[in-house]
Amino acid sequence: MKDIQHDIKLRPTVVEDLETLFQFQLDDEANHLAAFTSKDSTNKEAYIAKFTKLLTDPTINNQTIIAGTVIVGSIAKFIMEDDVEITYWIDKNFWGKGIATTALKDFLTIETTRPIFGRVAFDNLGSQKVLEKCGFIKIGTDKGFANARQTEIEEFIYRHD
């Protein structure tokens, strides 16, 4: 796929997408960078059950990222402690192709709630660049327990108005 970032589409996530999305988050390097993952990211039944339920939550905007005809990731808005937050996950096979940036820019036209926050592990430089390219500004830091690393780490907090 030549110039794949121009062939990116978002569509509401459906239950049938969850099997593919589950497979993406099994990658060790991706888990390490995401850092703040579920306690047992290898538990497929728990993953499918959790996300099937989340698909019916009206406060969550779940979108599947498609490149051409292939599912390459997901992006979602959710609410945590009264803050509107963004999360996204791109299949490692598609990193570095501008997909996350294109998807997030498109998502921000669909999801207009502001301010919207993004949190990212201190060493996840790729995700930090994506947020910054999409107009997010780093406003602070926090510390939290990162399940994927089994330790507390620093995370950067970004805001988009």
# chains A, B, ... in the order shown; residues from 1 in each chain; ligands from 1

call {"tool": "residues_around", "arguments": {"residues": "Thr109 in chain A", "least_positions_apart": "5", "cutoff": "12 Å", "atoms": "only C-alpha atoms", "output": "number ranges by chain"}}
result
A: 10, 102-104, 114, 134

call {"tool": "write_last_selection", "arguments": {"atoms": "C-alpha atoms", "output": "short mmCIF file (atom, residue, chain, number, x, y, z; two decimals), in the first residue's frame"}}
result
data_model
loop_
_atom_site.label_atom_id
_atom_site.label_comp_id
_atom_site.auth_asym_id
_atom_site.auth_seq_id
_atom_site.Cartn_x
_atom_site.Cartn_y
_atom_site.Cartn_z
CA LEU A 10 -12.60 5.29 10.77
CA THR A 102 -4.08 10.59 10.37
CA ALA A 103 -6.55 8.58 12.47
CA LEU A 104 -6.30 10.95 15.43
CA ARG A 114 -13.14 19.44 24.53
CA CYS A 134 -2.47 16.70 16.30
#

call {"tool": "residues_around", "arguments": {"residues": "Gln150 in chain A", "least_positions_apart": "5", "cutoff": "12 Å", "atoms": "only C-alpha atoms", "output": "PyMOL selection string"}}
result
chain A and resi 31-32+35-40+144-145

call {"tool": "write_last_selection", "arguments": {"atoms": "C-alpha atoms", "output": "compact mmCIF listing (two decimals), in the first residue's frame"}}
result
# COMPACT_ATOMS: atom_id res chain seq x y z
CA ASN A 31 2.49 -3.57 25.46
CA HIS A 32 5.71 -2.14 26.89
CA ALA A 35 2.52 0.54 29.58
CA PHE A 36 -0.89 1.14 31.16
CA THR A 37 -2.60 -2.04 30.01
CA SER A 38 -4.99 -4.52 31.59
CA LYS A 39 -3.64 -6.79 34.31
CA ASP A 40 -3.73 -9.83 32.03
CA GLY A 144 1.00 5.41 37.83
CA PHE A 145 1.39 1.66 38.01

call {"tool": "closest_residue", "arguments": {"among": "A:Thr141, A:Thr87, A:Thr52, A:Ile75", "to": "Asp106 in chain A", "atoms": "only C-alpha atoms"}}
result
A:Ile75

call {"tool": "residues_around", "arguments": {"residues": "range 46-48 of chain A", "least_positions_apart": "6", "cutoff": "10 Å", "atoms": "only C-alpha atoms", "output": "number ranges by chain"}}
result
A: 15-19, 21-22, 38, 40, 54

call {"tool": "closest_residue", "arguments": {"among": "A:Lys77, A:Arg149, A:Lys143, A:Lys133", "to": "Glu111 in chain A", "atoms": "only C-alpha atoms"}}
result
A:Lys77

call {"tool": "atom_distance", "arguments": {"atom1": "CA of Glu45 in chain A", "atom2": "CA of Glu85 in chain A"}}
result
25.2 Å

call {"tool": "select_by_dssp", "arguments": {"residues": "chain A", "states": "helix (DSSP H, G or I)", "output": "PDB file with C-alpha atoms, in the first residue's frame"}}
result
ATOM      1  CA  ILE A   4      -1.189   4.419   3.202  1.00  0.00           C
ATOM      2  CA  GLN A   5      -2.041   7.448   5.369  1.00  0.00           C
ATOM      3  CA  HIS A   6      -4.339   8.758   2.627  1.00  0.00           C
ATOM      4  CA  ASP A   7      -6.333   5.526   2.636  1.00  0.00           C
ATOM      5  CA  VAL A  15     -17.969  -6.936  18.118  1.00  0.00           C
ATOM      6  CA  GLU A  16     -16.528  -8.705  15.072  1.00  0.00           C
ATOM      7  CA  ASP A  17     -13.482  -6.363  15.193  1.00  0.00           C
ATOM      8  CA  LEU A  18     -12.512  -7.409  18.703  1.00  0.00           C
ATOM      9  CA  GLU A  19     -10.713 -10.631  17.726  1.00  0.00           C
ATOM     10  CA  THR A  20      -8.336  -8.680  15.468  1.00  0.00           C
ATOM     11  CA  LEU A  21      -7.869  -5.860  17.969  1.00  0.00           C
ATOM     12  CA  PHE A  22      -7.129  -8.409  20.705  1.00  0.00           C
ATOM     13  CA  GLN A  23      -4.316  -9.890  18.597  1.00  0.00           C
ATOM     14  CA  PHE A  24      -2.638  -6.463  18.212  1.00  0.00           C
ATOM     15  CA  ASP A  28       5.340  -7.469  23.847  1.00  0.00           C
ATOM     16  CA  GLU A  29       6.939  -4.290  22.470  1.00  0.00           C
ATOM     17  CA  ALA A  30       3.550  -2.646  21.925  1.00  0.00           C
ATOM     18  CA  ASN A  31       2.486  -3.574  25.461  1.00  0.00           C
ATOM     19  CA  HIS A  32       5.711  -2.140  26.887  1.00  0.00           C
ATOM     20  CA  LEU A  33       5.183   1.179  25.107  1.00  0.00           C
ATOM     21  CA  ALA A  34       1.494   1.355  25.989  1.00  0.00           C
ATOM     22  CA  LYS A  44      -8.928 -13.279  25.461  1.00  0.00           C
ATOM     23  CA  GLU A  45     -12.259 -14.034  27.128  1.00  0.00           C
ATOM     24  CA  ALA A  46     -11.849 -11.128  29.558  1.00  0.00           C
ATOM     25  CA  TYR A  47     -10.808  -8.802  26.718  1.00  0.00           C
ATOM     26  CA  ILE A  48     -13.769  -9.731  24.510  1.00  0.00           C
ATOM     27  CA  ALA A  49     -16.214  -9.460  27.433  1.00  0.00           C
ATOM     28  CA  LYS A  50     -14.861  -6.083  28.570  1.00  0.00           C
ATOM     29  CA  PHE A  51     -14.829  -4.491  25.126  1.00  0.00           C
ATOM     30  CA  THR A  52     -18.176  -5.959  24.076  1.00  0.00           C
ATOM     31  CA  LYS A  53     -19.667  -4.208  27.107  1.00  0.00           C
ATOM     32  CA  LEU A  54     -17.790  -0.957  26.345  1.00  0.00           C
ATOM     33  CA  LYS A  92       2.900  -2.888  15.195  1.00  0.00           C
ATOM     34  CA  ASN A  93       3.172  -3.924  11.522  1.00  0.00           C
ATOM     35  CA  PHE A  94       1.853  -0.459  10.604  1.00  0.00           C
ATOM     36  CA  ILE A  99      -1.580   6.066  10.457  1.00  0.00           C
ATOM     37  CA  ALA A 100      -1.968   7.095  14.113  1.00  0.00           C
ATOM     38  CA  THR A 101      -1.578  10.776  13.246  1.00  0.00           C
ATOM     39  CA  THR A 102      -4.080  10.594  10.372  1.00  0.00           C
ATOM     40  CA  ALA A 103      -6.546   8.577  12.466  1.00  0.00           C
ATOM     41  CA  LEU A 104      -6.302  10.946  15.430  1.00  0.00           C
ATOM     42  CA  LYS A 105      -6.769  14.039  13.238  1.00  0.00           C
ATOM     43  CA  ASP A 106      -9.848  12.416  11.673  1.00  0.00           C
ATOM     44  CA  PHE A 107     -11.134  11.282  15.069  1.00  0.00           C
ATOM     45  CA  LEU A 108     -10.905  14.824  16.448  1.00  0.00           C
ATOM     46  CA  THR A 109     -13.356  15.951  13.738  1.00  0.00           C
ATOM     47  CA  ILE A 110     -15.823  13.213  14.775  1.00  0.00           C
ATOM     48  CA  LEU A 125       8.249   8.929  21.864  1.00  0.00           C
ATOM     49  CA  GLY A 126       6.151   7.831  18.880  1.00  0.00           C
ATOM     50  CA  SER A 127       2.881   8.434  20.677  1.00  0.00           C
ATOM     51  CA  GLN A 128       4.116  11.746  22.056  1.00  0.00           C
ATOM     52  CA  LYS A 129       4.876  12.898  18.494  1.00  0.00           C
ATOM     53  CA  VAL A 130       1.416  11.799  17.320  1.00  0.00           C
ATOM     54  CA  LEU A 131      -0.294  13.845  20.040  1.00  0.00           C
ATOM     55  CA  GLU A 132       1.857  16.899  19.337  1.00  0.00           C
ATOM     56  CA  LYS A 133       1.267  16.713  15.550  1.00  0.00           C
TER      57      LYS A 133
END

call {"tool": "closest_residue", "arguments": {"among": "A:Val72, A:Asp57, A:Glu152, A:Val14", "to": "Gly98 in chain A", "atoms": "only C-alpha atoms"}}
result
A:Val72

call {"tool": "atom_distance", "arguments": {"atom1": "CA of Trp95 in chain A", "atom2": "CA of Phe156 in chain A"}}
result
20.6 Å

call {"tool": "closest_residue", "arguments": {"among": "A:Ile8, A:Ile90, A:Met80, A:Ala146", "to": "Gly68 in chain A", "atoms": "only C-alpha atoms"}}
result
A:Ile8

call {"tool": "atom_distance", "arguments": {"atom1": "CA of Asp142 in chain A", "atom2": "CA of Thr112 in chain A"}}
result
25.2 Å

call {"tool": "closest_residue", "arguments": {"among": "A:Val70, A:Ile65, A:Leu55, A:Ile79", "to": "Pro115 in chain A", "atoms": "only C-alpha atoms"}}
result
A:Ile79

call {"tool": "select_by_dssp", "arguments": {"residues": "range 8-161 of chain A", "states": "strand (DSSP E or B)", "output": "ChimeraX atom specification"}}
result
/A:8-12,61-67,70-80,83-90,116-121,137-146,151-160
